[in-house]
Each structure stands twice: as C-alpha cells, then as structure tokens.
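Presented below is the structure to which this report refers.
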Amino acid sequence: MIKTLARFVLFFFALFPASSVAEPITLKLAFFSSDRSLTYRGAIEPFIEAVNAEGKGLLKIDLYSGGILGKDIAQQPQVVLDGTADIAFIVPGYTPDRFPDNFVLELPGLLPNIREGTLVYTQLIAANALRGYEDFFVIGAFVTEPESIHSRVPITSIDDLKGKRIRVNNAGEASALERLGAIPVLMQITKVSDAISKGSIDGAAVSISPLSDYGIKRVAVSHYFLETSGAPLVLLMNRKRFDALPHAAQEIIRKYSGAWVAERFIETYEVAVSQVMQQLKSEPNRKLTFPSRQDLDIAHAAFKAVIAEWAAVSPHHRELLEAVESDIANLRSSR
C-alpha cells in the first residue's frame with residue numbers, strides 16, 4: 001500500500017511539475033526612449049539588473065522601452081497610475097501641476113552639478129518634503145548637470161539670446177531665460193531636434209550628456225555654456241502595486257532604490273559629461289563659447305531675482321528653499 005501511494009505521488013509531480021513552483025512576480029517598466037540611451041544606462045539599467053539578480057524566482061522587472069507603453073513623456077505618471085505600467089521613468093518638469101514643489105529643484109543657479117542636485121532631490125524625497133508623490137513609491141530621484149544653450153544659429157552671448165525662441169525643460173528654467181530676453185518654449189526633449197531643423201525654435205536649453213541620444217548634436221553646432229538649471233528626473237512605481245507586493249519583494253526594491261541608484265546615476269553621468277565635452281571640443285565645425293565675466297554677472301543677477309521672487313510667494317516656498325540650501329551646505333561640509 002505504501003509503495004503504491006509513493007508511486008502515485010511521484011507520478012502526480014511528474015505530470016504537474018509547474019504546480020509546485022510559483023512563477024516570479026513580474027513588474028512592467030515603461031521607458032519612453034531607447035535602452036541604448038545614457039538615461040537608461042544611468043538611471044534604469046542598474047536598478048533592473050540588481051533587482052532581477054537578487055529577485056530570481058521571486059521578482060522580475062521587464063523593460064518596455066521605446067515608448068511601447070506610451071510615447072508622450074508628459075503622460076508617464078498616468079501610465080503608472082492607471083496600471084498600464086507598474087514603474088515608469090518620469091520628467092516632472094513636463095507636469096508641473098502634478099509635482100508643484102519640484103520648482104525648487106529647477107531654480108536657476110541653485111544646484112550647480114549632478115552630484116549635489118541628485119543627492120538633494122533624493123534627500124527631499126526621503127523626507128517626504130515634496131508634494132505630488134503620494135500615489136507613488138519613488139525608486140530613484142535624479143538631476144542632470146545644469147542645462148546650457150545649443151543652437152543652429154550663432155549664440156555666443158546673453159545679447160544673442162534676446163528674442164530667440166529657446167526650448168526649456170521646466171518652468172524654473174523658463175523664468176530665468178525670459179529674464180535674459182529669450183522666448184522660452186516648454187518642449188519634450190524628444191521633439192527638440194526636429195524643431196531646430198524646422199526653425200520653429202532657434203535653440204534649446206539641454207544638458208550636454210544626452211545631446212547625441214536625441215539627435216540634437218546633429219542639428220545644433222553652436223554651444224553657449226551658460227548654465228541655467230538641471231533637469232529633475234525620477235523613476236516611479238505605483239504605490240498601491242508596491243504595497244501589495246510580498247515583504248521580501250518590497251525589501252529588494254527598497255535596497256536598490258534611493259541613495260543606491262542615485263550613486264550609479266551620478267557615476268554614469270559624470271563620466272558621460274566629460275566625454276561629450278571632449279567630443280564637442282574635438283569637432284572643428286562647432287563653435288563653443290563660455291560666458292564672459294560680464295555675462296555671468298548678468299545671468300547670476302537674473303537667477304537670484306527668480307529665486308527671490310519664488311521664495312516670496314509663500315512660507316512653504318521659503319521652507320523648501322531653506323531645506324535645499326541646508327542640504328547643499330551639509331553635502332559640501334562632509335566632503
């Protein structure tokens with residue numbers, strides 16, 4: 001009898017081997033651009049690879065790049081909220097009403113480099129200091145190096161900016177360039193190359209690291225390195241989806257979020273900025289101009305005015321600005 005029962009059990013598991021092994025939980029990650037882009041390599045790939053390696057058998061992230069789950073960058077938060085994707089890469093500057101406090105990260109001249117910008121953003125998220133993120137679990141918060149002006153027409157000074165239609169990433173940058181006489185045009189980065197080619201804009205404020213990824217380097221040969229503000233970027237997950245995961249899966253995601261993924265982004269982007277700058281300098285058809293002392297003084301005065309005007313709007317704005325300035329001071333003192 002016992003032998004017969006044992007043979008039956010073995011026969012059962014031979015017929016249904018999959019029934020005893022649970023499939024891993026699969027999460028869909030939406031990315032509007034290519035998986036060969038710098039943004040992917042710096043902000044997304046390290047997270048996916050780390051989670052998939054540690055989560056084997058429990059948790060798996062599948063990438064949907066190239067806008068498969070939605071090409072409109074401004075719609076990416078909704079892609080996450082409506083369940084089309086579980087995770088998506090977001091450019092908050094395109095949806096300022098949803099992320100109103102992000103303006104503090106867009107203030108011109110405030111966050112001078114990738115490291116400080118990214119670490120400050122990460123700390124603000126950890127402190128729940130920014131409105132608009134309540135329905136999301138934030139995997140990574142990043143800020144690019146300050147954007148500068150890249151155009152097909154010659155722009156070599158602040159005077160040359162006057163009356164020029166310049167693409168901007170966010171409202172903070174728009175305020176700064178408007179004070180310098182330019183006409184800011186809020187535009188998704190994926191549309192910049194075509195807009196410059198057609199002449200609908202004269203140039204674009206863009207960080208130099210992704211110039212090749214979006215074809216901007218091909219159409220813009222005049223580079224005026226007047227630094228404005230960086231572009232905040234964020235990798236978000238649907239909060240309800242995150243909360244519904246088993247505790248072990250949540251812990252894997254937490255482990256490779258926040259400061260961990262921020263450091264990978266910083267390392268990747270700092271190297272890329274240096275490489276792209278060397279490439280630009282080596283190409284004889286390009287005109288590279290760095291602002292004169294006079295132009296810098298004019299720009300910094302305009303930037304300070306934008307910051308002061310924003311801070312004066314409400315006590316909440318002043319508190320946010322003080323928090324950012326405190327974080328910057330702490331980062332610099334710890335070096």
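By convention here, the chains of the structure tokens are called A, B, ... in the order presented, each chain's residues are numbered starting at 1, and ligands are numbered starting at 1 in the order presented.
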As an MDAnalysis selection string, which residues of segment 81-204 of chain A does DSSP assign to alpha helix (DSSP H)? chainID A and resid 81 103:106 114:126 158:161 171:179 192:198
Prev. selection, N, CA and C atoms, output as an mmCIF file, in the first residue's frame:
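Saved the output as out.cif:
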```
data_model
loop_
_atom_site.group_PDB
_atom_site.id
_atom_site.type_symbol
_atom_site.label_atom_id
_atom_site.label_comp_id
_atom_site.auth_asym_id
_atom_site.auth_seq_id
_atom_site.Cartn_x
_atom_site.Cartn_y
_atom_site.Cartn_z
ATOM 1 N N LEU A 81 -0.195 55.284 -12.899
ATOM 2 C CA LEU A 81 -1.397 55.328 -12.058
ATOM 3 C C LEU A 81 -2.529 54.474 -12.608
ATOM 4 N N PHE A 103 9.614 72.780 -8.433
ATOM 5 C CA PHE A 103 10.164 74.065 -8.886
ATOM 6 C C PHE A 103 11.439 74.413 -8.113
ATOM 7 N N VAL A 104 11.503 74.020 -6.841
ATOM 8 C CA VAL A 104 12.692 74.354 -6.047
ATOM 9 C C VAL A 104 13.941 73.706 -6.621
ATOM 10 N N LEU A 105 13.786 72.561 -7.290
ATOM 11 C CA LEU A 105 14.925 71.884 -7.912
ATOM 12 C C LEU A 105 15.268 72.476 -9.275
ATOM 13 N N GLU A 106 14.356 73.281 -9.804
ATOM 14 C CA GLU A 106 14.535 73.890 -11.121
ATOM 15 C C GLU A 106 15.044 75.326 -11.030
ATOM 16 N N ILE A 114 25.700 67.609 -11.027
ATOM 17 C CA ILE A 114 24.910 66.385 -10.967
ATOM 18 C C ILE A 114 24.855 65.826 -9.554
ATOM 19 N N ARG A 115 25.989 65.762 -8.887
ATOM 20 C CA ARG A 115 26.044 65.139 -7.566
ATOM 21 C C ARG A 115 25.164 65.874 -6.567
ATOM 22 N N GLU A 116 25.338 67.180 -6.440
ATOM 23 C CA GLU A 116 24.553 67.913 -5.454
ATOM 24 C C GLU A 116 23.071 67.882 -5.793
ATOM 25 N N GLY A 117 22.746 68.064 -7.070
ATOM 26 C CA GLY A 117 21.344 68.050 -7.462
ATOM 27 C C GLY A 117 20.674 66.721 -7.161
ATOM 28 N N THR A 118 21.335 65.624 -7.537
ATOM 29 C CA THR A 118 20.756 64.296 -7.347
ATOM 30 C C THR A 118 20.634 63.931 -5.872
ATOM 31 N N LEU A 119 21.653 64.214 -5.092
ATOM 32 C CA LEU A 119 21.596 63.871 -3.668
ATOM 33 C C LEU A 119 20.577 64.721 -2.914
ATOM 34 N N VAL A 120 20.450 65.995 -3.273
ATOM 35 C CA VAL A 120 19.446 66.842 -2.636
ATOM 36 C C VAL A 120 18.038 66.350 -2.961
ATOM 37 N N TYR A 121 17.788 66.045 -4.225
ATOM 38 C CA TYR A 121 16.477 65.526 -4.642
ATOM 39 C C TYR A 121 16.168 64.235 -3.887
ATOM 40 N N THR A 122 17.145 63.341 -3.801
ATOM 41 C CA THR A 122 16.968 62.073 -3.103
ATOM 42 C C THR A 122 16.621 62.302 -1.629
ATOM 43 N N GLN A 123 17.275 63.267 -1.001
ATOM 44 C CA GLN A 123 17.015 63.558 0.409
ATOM 45 C C GLN A 123 15.635 64.181 0.611
ATOM 46 N N LEU A 124 15.229 65.038 -0.298
ATOM 47 C CA LEU A 124 13.891 65.638 -0.195
ATOM 48 C C LEU A 124 12.805 64.572 -0.313
ATOM 49 N N ILE A 125 13.006 63.629 -1.215
ATOM 50 C CA ILE A 125 12.040 62.532 -1.368
ATOM 51 C C ILE A 125 11.997 61.683 -0.102
ATOM 52 N N ALA A 126 13.164 61.360 0.446
ATOM 53 C CA ALA A 126 13.230 60.541 1.660
ATOM 54 C C ALA A 126 12.537 61.218 2.832
ATOM 55 N N ILE A 158 24.786 86.749 -23.962
ATOM 56 C CA ILE A 158 23.424 86.997 -23.495
ATOM 57 C C ILE A 158 22.683 87.898 -24.474
ATOM 58 N N ASP A 159 23.395 88.845 -25.074
ATOM 59 C CA ASP A 159 22.750 89.706 -26.076
ATOM 60 C C ASP A 159 22.164 88.885 -27.225
ATOM 61 N N ASP A 160 22.872 87.819 -27.605
ATOM 62 C CA ASP A 160 22.386 86.972 -28.696
ATOM 63 C C ASP A 160 21.121 86.195 -28.331
ATOM 64 N N LEU A 161 20.849 86.048 -27.039
ATOM 65 C CA LEU A 161 19.662 85.335 -26.598
ATOM 66 C C LEU A 161 18.382 86.143 -26.806
ATOM 67 N N ALA A 171 9.606 75.107 -15.778
ATOM 68 C CA ALA A 171 9.191 76.493 -15.543
ATOM 69 C C ALA A 171 10.285 77.333 -14.903
ATOM 70 N N GLY A 172 11.114 76.727 -14.055
ATOM 71 C CA GLY A 172 12.202 77.483 -13.440
ATOM 72 C C GLY A 172 13.190 77.986 -14.471
ATOM 73 N N GLU A 173 13.553 77.117 -15.380
ATOM 74 C CA GLU A 173 14.461 77.490 -16.462
ATOM 75 C C GLU A 173 13.819 78.537 -17.366
ATOM 76 N N ALA A 174 12.529 78.392 -17.607
ATOM 77 C CA ALA A 174 11.805 79.374 -18.426
ATOM 78 C C ALA A 174 11.871 80.760 -17.809
ATOM 79 N N SER A 175 11.672 80.854 -16.502
ATOM 80 C CA SER A 175 11.726 82.152 -15.817
ATOM 81 C C SER A 175 13.095 82.796 -15.968
ATOM 82 N N ALA A 176 14.143 81.982 -15.850
ATOM 83 C CA ALA A 176 15.499 82.509 -15.947
ATOM 84 C C ALA A 176 15.791 83.055 -17.340
ATOM 85 N N LEU A 177 15.470 82.269 -18.380
ATOM 86 C CA LEU A 177 15.785 82.701 -19.743
ATOM 87 C C LEU A 177 14.908 83.868 -20.176
ATOM 88 N N GLU A 178 13.690 83.919 -19.683
ATOM 89 C CA GLU A 178 12.821 85.054 -20.005
ATOM 90 C C GLU A 178 13.406 86.347 -19.456
ATOM 91 N N ARG A 179 13.988 86.288 -18.273
ATOM 92 C CA ARG A 179 14.623 87.478 -17.688
ATOM 93 C C ARG A 179 15.851 87.919 -18.491
ATOM 94 N N VAL A 192 13.008 68.088 -29.787
ATOM 95 C CA VAL A 192 13.910 69.233 -29.958
ATOM 96 C C VAL A 192 14.622 69.217 -31.303
ATOM 97 N N SER A 193 15.181 68.081 -31.684
ATOM 98 C CA SER A 193 15.953 68.002 -32.925
ATOM 99 C C SER A 193 15.119 68.431 -34.128
ATOM 100 N N ASP A 194 13.912 67.903 -34.211
ATOM 101 C CA ASP A 194 13.024 68.228 -35.327
ATOM 102 C C ASP A 194 12.646 69.708 -35.310
ATOM 103 N N ALA A 195 12.406 70.251 -34.114
ATOM 104 C CA ALA A 195 12.011 71.660 -34.005
ATOM 105 C C ALA A 195 13.134 72.598 -34.427
ATOM 106 N N ILE A 196 14.369 72.260 -34.082
ATOM 107 C CA ILE A 196 15.512 73.074 -34.520
ATOM 108 C C ILE A 196 15.665 72.975 -36.037
ATOM 109 N N SER A 197 15.543 71.779 -36.582
ATOM 110 C CA SER A 197 15.677 71.585 -38.029
ATOM 111 C C SER A 197 14.650 72.399 -38.805
ATOM 112 N N LYS A 198 13.425 72.436 -38.298
ATOM 113 C CA LYS A 198 12.347 73.148 -38.987
ATOM 114 C C LYS A 198 12.362 74.646 -38.725
#
```
Extract, using only C-alpha atoms, all DNA, RNA and protein residues at most 12 Å from segment 255-270 of chain A, discarding same-chain residues fewer than 6 positions from it, and format them as a PyMOL selection string. chain A and resi 37-55+113-127+137-145+207-210+233-237+248-249+276-277
What residues in segment 52-174 of chain A get the DSSP label strand (DSSP E)? Please answer as an MDAnalysis selection string. chainID A and resid 59:64 87:90 136:143 148:151 165:168
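The closest residue to Lys217 of chain A, picked from A:Gln294, A:Gln279, A:Ser314, A:Thr84 and counting only C-alpha atoms, is A:Gln279.
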Which segment 181-218 of chain A residues have any atom within 12 Å of an atom of segment 61-75 of chain A, and for each, what is the nearest pair of atoms with distance in Å to one decimal, counting only C-alpha atoms, rows sorted by chain and number, as a Markdown table?
```
| residue | atom | partner | partner_atom | distance |
| --- | --- | --- | --- | --- |
| A:Leu186 | CA | A:Ala74 | CA | 11.5 |
| A:Met187 | CA | A:Ala74 | CA | 10.1 |
| A:Gln188 | CA | A:Ile73 | CA | 7.1 |
| A:Ile189 | CA | A:Ile73 | CA | 9.0 |
| A:Thr190 | CA | A:Ile73 | CA | 8.7 |
| A:Lys191 | CA | A:Asp72 | CA | 10.5 |
```
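Residues lying within 8 Å of Ile201 of chain A, counting only C-alpha atoms and ignoring same-chain neighbours fewer than 4 positions away, are Lys164, Arg165, Ile166, Arg167, Val185, Ala195 and Ile196 of chain A.
Minimum atom-to-atom distance to Ala220 of chain A, evaluated using only C-alpha atoms, belongs to A:Ile149 out of A:Ala30, A:Ile149, A:Ala244, A:Ala323.
The smallest atom-to-atom distance between Phe242 of chain A and any of A:Val313, A:Glu283, A:Phe290, A:Val80, using only C-alpha atoms, is found for A:Val80.
Take the candidates A:Leu29, A:Leu296, A:Ala22, A:Ile87 and check each one against Arg241 of chain A using only C-alpha atoms; the shortest distance goes to A:Ile87.
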